[in-house]
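Working notes, structure below.
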Amino acid sequence: MIFEAMAVGSYYANCYIVGSEETKEAAIIDPGAEFKRIDEKIIELGLNPKIIILTHAHGDHIGAVNELVEKYNTKVYIHEYDAKALSDSDENYSKILFRKELSIKPDVLLKDGDTIELGDLKFDIIHTPGHTVGGICIKVENIMLTGDTLFNKSIGRTDFTGGSFDEIIDSITNKIFKYDDDTIIYPGHNNPTTIGSEKLGNPFVN
């Protein structure tokens, strides 16, 4: 697996490039801003982006989507419950955050338990509501991309539309923490961690 993490935009949202060593096909996870920088890394890695998977529809995670689609004809995947927000600049907060109206039409609507295959890679979709109604985590090999559900010693905000503190705690404890402790967590912001570390040291779930 080819794996690259980069913090993009003024909110330092983590964009992840996940590629197949076998086919050089790639998934771009949460391309939140800085299309040129993301594109330069894709070219440097010699990858062919086929899909974009969004962990949720907030503006700081979707800002470079349209430019990637325009260049690479990538298909956009998002959970079905966040699809409406993705196309509405008020609901995805792009108008407030960036004074830029982002409206994106998804190609594939995801559900809990879906699997996306790309080359020799399998991306397992885990519906983890709480930050948004359609928030997801993505498990690939021994890595979990948690979006804004679970952070290193923190959790995502629950005061946005569709947020719920009870739901995000339930998502973390019953859907994320069931995986092996050595699973590496790559969150939507800030530094990586592990499930074991979060079980022991995350103040929101202890």
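Identifiers in the structure tokens: chain A, B, ... in order shown; residue index from 1 per chain; ligand index from 1 in order shown.
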
(request) From the DSSP assignment of the backbone, select every residue of region 7-138 of chain A that is helix (DSSP H, G or I), and format the answer as number ranges by chain. (result) A: 35-45, 59-61, 65-72, 80-86, 94-98

Quick one: write out the picked residues with C-alpha atoms as a PDB file, in the first residue's frame?
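Listed below is the output, part.pdb:
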ATOM      1  CA  PHE A  35      -5.501  21.144  -5.106  1.00  0.00           C
ATOM      2  CA  LYS A  36      -2.132  21.992  -6.645  1.00  0.00           C
ATOM      3  CA  ARG A  37      -0.202  20.617  -3.687  1.00  0.00           C
ATOM      4  CA  ILE A  38      -2.277  17.442  -3.590  1.00  0.00           C
ATOM      5  CA  ASP A  39      -1.884  17.013  -7.332  1.00  0.00           C
ATOM      6  CA  GLU A  40       1.886  17.452  -7.155  1.00  0.00           C
ATOM      7  CA  LYS A  41       2.062  14.669  -4.564  1.00  0.00           C
ATOM      8  CA  ILE A  42      -0.136  12.390  -6.702  1.00  0.00           C
ATOM      9  CA  ILE A  43       2.191  12.941  -9.660  1.00  0.00           C
ATOM     10  CA  GLU A  44       5.297  12.441  -7.507  1.00  0.00           C
ATOM     11  CA  LEU A  45       3.916   9.095  -6.288  1.00  0.00           C
ATOM     12  CA  GLY A  59     -16.131  22.495   3.804  1.00  0.00           C
ATOM     13  CA  ASP A  60     -12.638  22.024   5.216  1.00  0.00           C
ATOM     14  CA  HIS A  61     -12.641  18.428   3.936  1.00  0.00           C
ATOM     15  CA  VAL A  65     -12.876  17.843  -4.785  1.00  0.00           C
ATOM     16  CA  ASN A  66     -14.183  19.584  -7.885  1.00  0.00           C
ATOM     17  CA  GLU A  67     -10.689  20.280  -9.235  1.00  0.00           C
ATOM     18  CA  LEU A  68      -9.679  16.646  -8.781  1.00  0.00           C
ATOM     19  CA  VAL A  69     -12.843  15.494 -10.517  1.00  0.00           C
ATOM     20  CA  GLU A  70     -12.212  17.904 -13.377  1.00  0.00           C
ATOM     21  CA  LYS A  71      -8.646  16.677 -13.923  1.00  0.00           C
ATOM     22  CA  TYR A  72      -8.956  12.959 -13.206  1.00  0.00           C
ATOM     23  CA  GLU A  80     -25.940   8.704   1.972  1.00  0.00           C
ATOM     24  CA  TYR A  81     -26.865  10.788   5.038  1.00  0.00           C
ATOM     25  CA  ASP A  82     -24.300  13.491   4.186  1.00  0.00           C
ATOM     26  CA  ALA A  83     -25.125  13.675   0.473  1.00  0.00           C
ATOM     27  CA  LYS A  84     -27.538  16.589   0.794  1.00  0.00           C
ATOM     28  CA  ALA A  85     -25.051  18.691   2.780  1.00  0.00           C
ATOM     29  CA  LEU A  86     -22.383  18.025   0.164  1.00  0.00           C
ATOM     30  CA  SER A  94     -18.183  26.325   2.781  1.00  0.00           C
ATOM     31  CA  LYS A  95     -19.889  29.722   2.486  1.00  0.00           C
ATOM     32  CA  ILE A  96     -19.169  30.520   6.136  1.00  0.00           C
ATOM     33  CA  LEU A  97     -15.676  29.013   6.286  1.00  0.00           C
ATOM     34  CA  PHE A  98     -14.306  30.205   2.954  1.00  0.00           C
TER      35      PHE A  98
END

(request) Any chance you could list, as a list of chain:residue names, the residues in region 11-88 of chain A that come up strand (DSSP E or B) when DSSP is run on the backbone? (result) A:Ala13, A:Asn14, A:Cys15, A:Tyr16, A:Ile17, A:Val18, A:Gly19, A:Glu25, A:Ala26, A:Ala27, A:Ile28, A:Ile29, A:Asn48, A:Pro49, A:Lys50, A:Ile51, A:Ile52, A:Ile53, A:Lys75, A:Val76, A:Tyr77, A:Ile78, A:His79

(message) Which residues are near Ile155 (chain A)? Cut-off 12 Å, only C-alpha atoms, ignore same chain within fewer than 5 positions. Put them as a PyMOL selection string.
(response) chain A and resi 128+130-131+146-150+163-173+187-190+198+202-205

(message) So that I can check the surroundings of Ser197 (chain A), please list as a list in words every protein, DNA and RNA residue that reaches within 9 Å of it, counting only C-alpha atoms and ignoring chain neighbours fewer than 4 positions away.
(response)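 Residues near the query, excluding close chain neighbours: Asn152, Lys153, Asp181, Asp182, Thr193, Gly201 and Asn202 of chain A.
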
Give me, as a tab-separated table, each residue of region 72-122 of chain A that comes within 10 Å of region 17-33 of chain A, together with its shortest interatomic pair and the distance in Å at one decimal, counting only C-alpha atoms, with rows ordered by chain and rising residue number.
residue	atom	partner	partner_atom	distance
A:Thr74	CA	A:Ala27	CA	8.9
A:Lys75	CA	A:Ala27	CA	9.6
A:Val76	CA	A:Ile28	CA	9.5
A:Tyr77	CA	A:Ile29	CA	9.6
A:Ile116	CA	A:Ala27	CA	10.0
A:Leu118	CA	A:Glu25	CA	6.8
A:Gly119	CA	A:Thr23	CA	5.6
A:Asp120	CA	A:Ser20	CA	6.2
A:Leu121	CA	A:Ser20	CA	6.3
A:Lys122	CA	A:Ser20	CA	9.8

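For the atom pair formed by CA of Pro106 (chain A) and CA of Cys15 (chain A), the distance is 18.1 Å, given to one decimal.
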
(request) Give the answer as one residue: which of A:Leu109, A:Val133, A:Ile2, A:Ile62 has the shortest atom-to-atom distance to Gly46 (chain A), using only C-alpha atoms? (result)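 Among the listed residues, A:Ile2 lies closest to Gly46 (chain A).
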
(message) Restricting the calculation to only C-alpha atoms: of A:Ile184, A:Ile52, A:Cys137, A:Ile125, which residue gets closest to Asn73 (chain A)?
(response) A:Ile52

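The gap separating CA of Lys105 (chain A) from CA of Thr161 (chain A) is 20.0 Å, in Å to one decimal.
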
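The interatomic distance for the pair CA of Thr158 (chain A) and CA of Thr132 (chain A) works out to 7.7 Å.
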
(request) Rank nothing, just name the residue among A:Gly156, A:Asp112, A:Asn14, A:Pro192 nearest to Gly134 (chain A), using only C-alpha atoms. (result)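 So, comparing all the options, the nearest one is A:Asp112.
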